[in-house]
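Peer 1: Contents of input.cif (mmCIF, C-alpha atoms) are below:
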```cif
data_protein
loop_
_atom_site.label_atom_id
_atom_site.label_comp_id
_atom_site.auth_asym_id
_atom_site.auth_seq_id
_atom_site.Cartn_x
_atom_site.Cartn_y
_atom_site.Cartn_z
CA MET A 10 6.50 104.50 20.67
CA VAL A 11 6.24 100.72 20.77
CA PHE A 12 7.79 98.55 23.45
CA SER A 13 7.65 94.88 24.36
CA PRO A 14 9.66 93.88 27.44
CA PRO A 15 10.89 90.31 28.00
CA LEU A 16 8.27 87.78 29.12
CA VAL A 17 10.33 86.99 32.23
CA ILE A 18 10.08 90.58 33.46
CA THR A 19 9.68 91.06 37.19
CA ARG A 20 7.71 93.74 39.02
CA ALA A 21 10.96 95.45 39.99
CA GLN A 22 12.02 95.58 36.33
CA SER A 23 8.60 96.92 35.35
CA ASP A 24 9.05 99.71 37.87
CA GLU A 25 12.54 100.37 36.50
CA ILE A 26 11.18 100.71 32.97
CA MET A 27 8.44 103.07 34.08
CA ALA A 28 10.94 105.17 36.03
CA ALA A 29 13.02 105.60 32.85
CA VAL A 30 9.96 106.35 30.71
CA THR A 31 8.67 108.85 33.27
CA THR A 32 12.05 110.59 33.37
CA ALA A 33 12.03 110.78 29.59
CA PHE A 34 8.60 112.38 29.50
CA GLU A 35 9.47 114.81 32.26
CA GLY A 36 12.42 115.84 30.09
CA MET A 37 10.17 116.29 27.10
CA ARG A 38 7.92 118.90 28.66
CA GLY A 39 7.40 121.80 26.35
CA ASP A 40 8.03 121.97 22.62
CA PRO A 41 10.69 119.32 21.81
CA ARG A 42 11.75 121.33 18.74
CA GLN A 43 13.22 123.96 21.04
CA MET B 13 -15.83 99.46 16.00
CA SER B 14 -15.96 95.68 15.82
CA ARG B 15 -19.21 95.80 13.84
CA LEU B 16 -17.78 98.32 11.38
CA CYS B 17 -14.60 96.28 10.82
CA LEU B 18 -16.54 93.07 10.29
CA ALA B 19 -18.92 94.80 7.89
CA ALA B 20 -15.91 96.00 5.89
CA VAL B 21 -14.49 92.47 5.81
CA GLU B 22 -17.81 91.03 4.65
CA ASP B 23 -18.22 93.74 2.00
CA GLU B 24 -14.84 92.76 0.58
CA ILE B 25 -15.72 89.04 0.65
CA LEU B 26 -18.94 89.72 -1.23
CA PHE B 27 -17.16 92.00 -3.69
CA GLN B 28 -14.40 89.46 -4.41
CA GLY B 29 -16.65 86.41 -4.21
CA ALA B 30 -16.18 83.98 -1.33
CA ASP B 31 -15.33 81.12 -3.71
CA THR B 32 -12.28 83.08 -4.91
CA ILE B 33 -10.83 83.50 -1.40
CA ALA B 34 -8.67 80.71 0.02
CA ALA B 35 -8.04 82.18 3.45
CA PHE B 36 -8.04 85.25 5.64
CA ILE B 37 -4.75 85.97 7.41
CA ALA B 38 -4.31 88.37 10.32
CA GLU B 39 -2.35 89.07 13.46
CA PRO B 40 -4.45 88.69 16.64
CA VAL B 41 -2.92 91.99 17.74
CA LEU B 42 -1.35 94.05 14.98
CA GLY B 43 2.31 94.29 16.01
CA ALA B 44 4.70 96.36 13.96
CA GLY B 45 1.79 98.39 12.58
CA GLY B 46 1.48 100.10 15.96
CA VAL B 47 0.14 97.54 18.44
CA ILE B 48 -3.47 97.84 17.36
CA VAL B 49 -5.60 95.81 19.77
CA PRO B 50 -8.95 94.82 18.28
CA PRO B 51 -12.17 94.84 20.32
CA ALA B 52 -12.56 91.62 22.33
CA ASP B 53 -15.45 90.38 20.21
CA TYR B 54 -13.74 91.01 16.85
CA TRP B 55 -11.88 87.72 16.45
CA PRO B 56 -14.74 85.46 17.63
CA LYS B 57 -17.14 87.19 15.24
CA LEU B 58 -14.53 87.16 12.48
CA ARG B 59 -14.27 83.38 12.89
CA GLN B 60 -18.06 83.08 12.58
CA LEU B 61 -18.11 85.34 9.53
CA LEU B 62 -15.41 83.35 7.75
CA ASP B 63 -17.11 80.07 8.63
CA ARG B 64 -20.33 81.33 7.07
CA HIS B 65 -18.41 81.95 3.85
CA ASN B 66 -16.29 78.77 4.13
CA ILE B 67 -13.03 80.76 4.25
CA LEU B 68 -10.06 79.51 6.25
CA LEU B 69 -8.62 81.60 9.07
CA ILE B 70 -4.83 81.89 9.38
CA ALA B 71 -3.46 83.49 12.54
CA ASP B 72 -0.06 85.12 12.20
CA GLU B 73 1.22 84.41 15.71
CA VAL B 74 4.82 85.42 15.02
CA VAL B 75 4.53 88.27 17.53
CA THR B 76 1.69 87.09 19.75
CA GLY B 77 2.56 83.39 20.01
CA PHE B 78 3.85 81.72 23.18
CA GLY B 79 2.77 84.28 25.71
CA ARG B 80 3.40 87.77 24.41
CA SER B 81 -0.27 88.78 24.48
CA GLY B 82 -0.88 87.34 27.94
CA ALA B 83 -2.21 84.01 26.63
CA TRP B 84 -0.38 81.11 25.02
CA PHE B 85 -1.54 82.37 21.63
CA GLY B 86 -3.17 85.63 20.65
CA SER B 87 -6.03 83.96 18.82
CA ARG B 88 -6.69 81.52 21.67
CA GLY B 89 -6.68 84.51 24.01
CA TRP B 90 -9.66 85.76 22.01
CA GLY B 91 -11.25 82.30 22.36
CA VAL B 92 -10.70 81.47 18.70
CA LYS B 93 -9.25 78.36 17.03
CA PRO B 94 -7.73 79.28 13.66
CA ASP B 95 -7.28 76.70 10.89
CA ILE B 96 -3.58 77.52 10.55
CA MET B 97 -1.15 79.27 12.87
CA CYS B 98 2.37 80.41 12.01
CA PHE B 99 5.06 81.05 14.60
CA ALA B 100 8.57 82.39 15.03
CA LYS B 101 10.24 84.70 17.59
CA ALA B 102 9.20 83.29 21.00
CA ILE B 103 9.20 79.68 19.86
CA THR B 104 12.94 79.84 20.54
CA SER B 105 12.92 83.16 22.43
CA GLY B 106 15.23 84.42 19.70
CA TYR B 107 18.11 82.15 20.69
CA PHE B 108 17.95 80.50 17.27
CA PRO B 109 16.11 81.60 14.12
CA MET B 110 13.16 79.30 13.65
CA GLY B 111 9.64 79.43 12.28
CA ALA B 112 6.83 76.90 12.33
CA VAL B 113 3.35 76.34 10.97
CA THR B 114 0.60 74.27 12.55
CA LEU B 115 -2.51 72.95 10.80
CA ASN B 116 -5.78 71.75 12.28
CA ALA B 117 -7.30 68.39 11.40
CA ARG B 118 -9.43 69.93 8.65
CA ILE B 119 -6.37 71.10 6.73
CA GLU B 120 -4.36 67.98 7.50
CA THR B 121 -7.16 65.78 6.17
CA ALA B 122 -7.36 67.80 2.97
CA PHE B 123 -3.69 67.07 2.29
CA LYS B 124 -3.91 63.43 3.34
CA ASN B 125 -6.93 62.70 1.20
CA ASN B 126 -5.48 64.27 -1.91
CA ALA B 127 -2.99 61.80 -3.33
CA ASP B 128 -2.15 63.49 -6.62
CA THR B 129 0.76 65.88 -7.04
CA MET B 130 -1.42 68.86 -6.13
CA GLY B 131 -2.05 67.33 -2.75
CA ILE B 132 1.45 67.45 -1.37
CA ILE B 133 3.07 70.28 0.54
CA SER B 134 5.62 70.91 -2.16
CA HIS B 135 7.95 73.32 -0.49
CA GLY B 136 11.08 72.86 1.52
CA TYR B 137 14.03 74.85 2.73
CA THR B 138 17.66 74.05 3.16
CA TYR B 139 17.41 74.24 6.95
CA THR B 140 13.90 72.81 7.38
CA GLY B 141 13.65 70.83 10.61
CA HIS B 142 17.05 72.04 11.76
CA PRO B 143 17.90 69.98 14.86
CA VAL B 144 19.53 72.90 16.71
CA GLY B 145 16.47 75.05 16.10
CA CYS B 146 14.18 72.27 17.27
CA ALA B 147 16.32 71.71 20.39
CA ALA B 148 16.23 75.43 21.17
CA ALA B 149 12.46 75.47 20.70
CA LEU B 150 11.93 72.50 23.01
CA ALA B 151 14.12 74.07 25.69
CA CYS B 152 12.44 77.47 25.41
CA LEU B 153 8.93 76.05 25.42
CA ALA B 154 9.78 74.00 28.51
CA GLU B 155 10.93 77.18 30.26
CA THR B 156 7.88 79.10 29.04
CA THR B 157 5.73 76.38 30.59
CA ARG B 158 7.76 76.03 33.79
CA LEU B 159 7.75 79.76 34.47
CA ASN B 160 4.17 80.18 33.22
CA LEU B 161 5.28 83.17 31.18
CA PRO B 162 1.91 83.82 29.51
CA ALA B 163 0.43 84.45 32.96
CA ASN B 164 3.37 86.68 33.88
CA ALA B 165 2.83 88.63 30.65
CA ALA B 166 -0.82 89.11 31.52
CA THR B 167 -0.07 90.26 35.09
CA GLU B 168 2.88 92.53 34.34
CA GLY B 169 1.20 93.73 31.16
CA ASP B 170 -1.86 94.95 33.06
CA TYR B 171 0.42 96.64 35.58
CA LEU B 172 2.55 98.40 32.96
CA LEU B 173 -0.49 99.42 30.93
CA GLY B 174 -1.98 100.97 34.05
CA ARG B 175 1.25 102.84 34.79
CA CYS B 176 1.42 104.09 31.19
CA ARG B 177 -2.17 105.31 31.35
CA THR B 178 -1.44 107.16 34.59
CA LEU B 179 1.54 108.77 32.86
CA ALA B 180 -0.68 109.75 29.92
CA GLU B 181 -2.95 111.68 32.28
CA LYS B 182 0.00 113.94 33.12
CA HIS B 183 1.37 114.51 29.62
CA GLU B 184 -0.55 116.06 26.75
CA THR B 185 2.04 114.66 24.35
CA ILE B 186 0.75 111.12 24.98
CA GLY B 187 -2.24 110.88 22.69
CA ASN B 188 -3.10 107.26 23.24
CA VAL B 189 -1.86 104.27 25.22
CA ARG B 190 -2.78 100.75 24.21
CA GLY B 191 -1.50 97.23 24.61
CA LYS B 192 -2.24 93.64 25.47
CA GLY B 193 -0.02 91.42 27.56
CA LEU B 194 3.55 92.63 27.21
CA MET B 195 3.17 94.59 23.98
CA PHE B 196 2.46 98.29 24.21
CA ALA B 197 2.23 101.46 22.15
CA MET B 198 2.29 105.05 23.32
CA GLU B 199 1.18 107.42 20.61
CA LEU B 200 3.08 110.69 20.83
CA VAL B 201 1.25 113.78 19.59
CA CYS B 202 1.75 117.54 19.44
CA ASP B 203 -1.52 117.84 21.30
CA ARG B 204 -4.40 115.43 21.61
CA SER B 205 -6.63 117.36 19.22
CA ALA B 206 -3.98 117.39 16.49
CA ARG B 207 -3.00 113.78 15.89
CA PRO B 208 -0.76 112.53 14.43
CA MET B 209 2.59 113.98 15.40
CA SER B 210 4.43 116.04 12.81
CA ARG B 211 7.85 114.89 11.61
CA SER B 212 9.64 117.76 13.40
CA TRP B 213 7.94 116.89 16.69
CA ALA B 214 8.75 113.21 16.23
CA THR B 215 12.41 113.95 15.55
CA GLY B 216 12.59 116.40 18.42
CA SER B 217 10.93 114.00 20.84
CA SER B 218 13.28 111.23 19.84
CA LYS B 219 16.29 113.48 20.47
CA ARG B 220 14.91 114.59 23.82
CA ALA B 221 14.26 110.98 24.85
CA ARG B 222 17.80 110.03 23.91
CA TRP B 223 19.14 113.00 25.88
CA CYS B 224 17.14 111.75 28.89
CA GLY B 225 18.59 108.28 28.58
CA SER B 226 15.82 106.52 26.64
CA SER B 227 15.69 105.45 23.03
CA ALA B 228 12.41 105.98 21.15
CA ARG B 229 11.46 105.22 17.57
#
```
Go through the file and emit its structure as structure tokens.

Peer 2:
Amino acid sequence: MVFSPPLVITRAQSDEIMAAVTTAFEGMRGDPRQ
Amino acid sequence: MSRLCLAAVEDEILFQGADTIAAFIAEPVLGAGGVIVPPADYWPKLRQLLDRHNILLIADEVVTGFGRSGAWFGSRGWGVKPDIMCFAKAITSGYFPMGAVTLNARIETAFKNNADTMGIISHGYTYTGHPVGCAAALACLAETTRLNLPANAATEGDYLLGRCRTLAEKHETIGNVRGKGLMFAMELVCDRSARPMSRSWATGSSKRARWCGSSAR
């Protein structure tokens, strides 16, 4: 998974991205084929 | 790792013959190939190696140029001055399609001092030097300078990389996290001892991510 946020990103936007990524990984616990 | 890579480069130079090689071209950080960040001493030693064999160094800065890697240019971030750099993307921040090439004095002199027909840069494109593209580039570069975006990329990049690494500690499906500036890669794996991820896991993970509100490729 490759990502490259905009160069003007703020700390709040960084936190927003990580919140979304964290939620995604929490949802992927276990075997994703199931 | 750096020593092994440089040895492989030198083996190839010796095999091909240095006098048959015009230039070595590389991205300072491999972009679309998976954000492969070389060891910090790779580029400086690569420059030295190529100088020893009188081979030009071309930096493909299309991805890394103008701040993406946390420095103005990826190669300069490694402390290296290439002979030629090529740009696109951030030179206009994508507002207008534009590419550019810069040459150092060594290359410029070679063209200037060669007056026969082989000494001219004999290519051109319909939209070369497009005024709208140039205007967009000037405006974007002024903003990049005013906002000091390379420094922001370095600061926020370190922060995001740290957050991603913390996340990797919690999830066995994250095999590797890497990046420089504001370019990152998270390698998704079935488990860390069985890299790389199988196609079914990749497809399943992508679907799960989409279901959770994120898009992954």

Peer 1: Report as a ChimeraX atom specification the set of chain B residues whose atoms approach chain A to within 7 Å, with distances computed over all atoms listed in the file.

Peer 2: /B:46,80,161,164-165,168,172,194-199,212-213,216-217,220-221,224,226,228-229

Peer 1: Just want the 9 Å neighbourhood of Lys192 in chain B, counted on all atoms listed in the file, with same-chain residues fewer than 5 positions away dropped. Output as a PyMOL selection string.

Peer 2: chain B and resi 41+47+49+80-82+165-166+169-170+173

Peer 1: For CA of Cys202 in chain B and CA of Ala180 in chain B, determine how far apart the two atoms are, in Å to one decimal place.

Peer 2: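 That distance, rounded to one decimal, is 13.3 Å.
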
Peer 1: Can you tell me how far CA of Leu153 in chain B sits from CA of Ser105 in chain B, in Å to one decimal?

Peer 2: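 For CA of Leu153 in chain B relative to CA of Ser105 in chain B, the distance reads 8.7 Å.
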
Peer 1: How far is it from CA of Ile70 in chain B to CA of Cys17 in chain B, in Å with one decimal?

Peer 2: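 Between CA of Ile70 in chain B and CA of Cys17 in chain B the gap is 17.5 Å.
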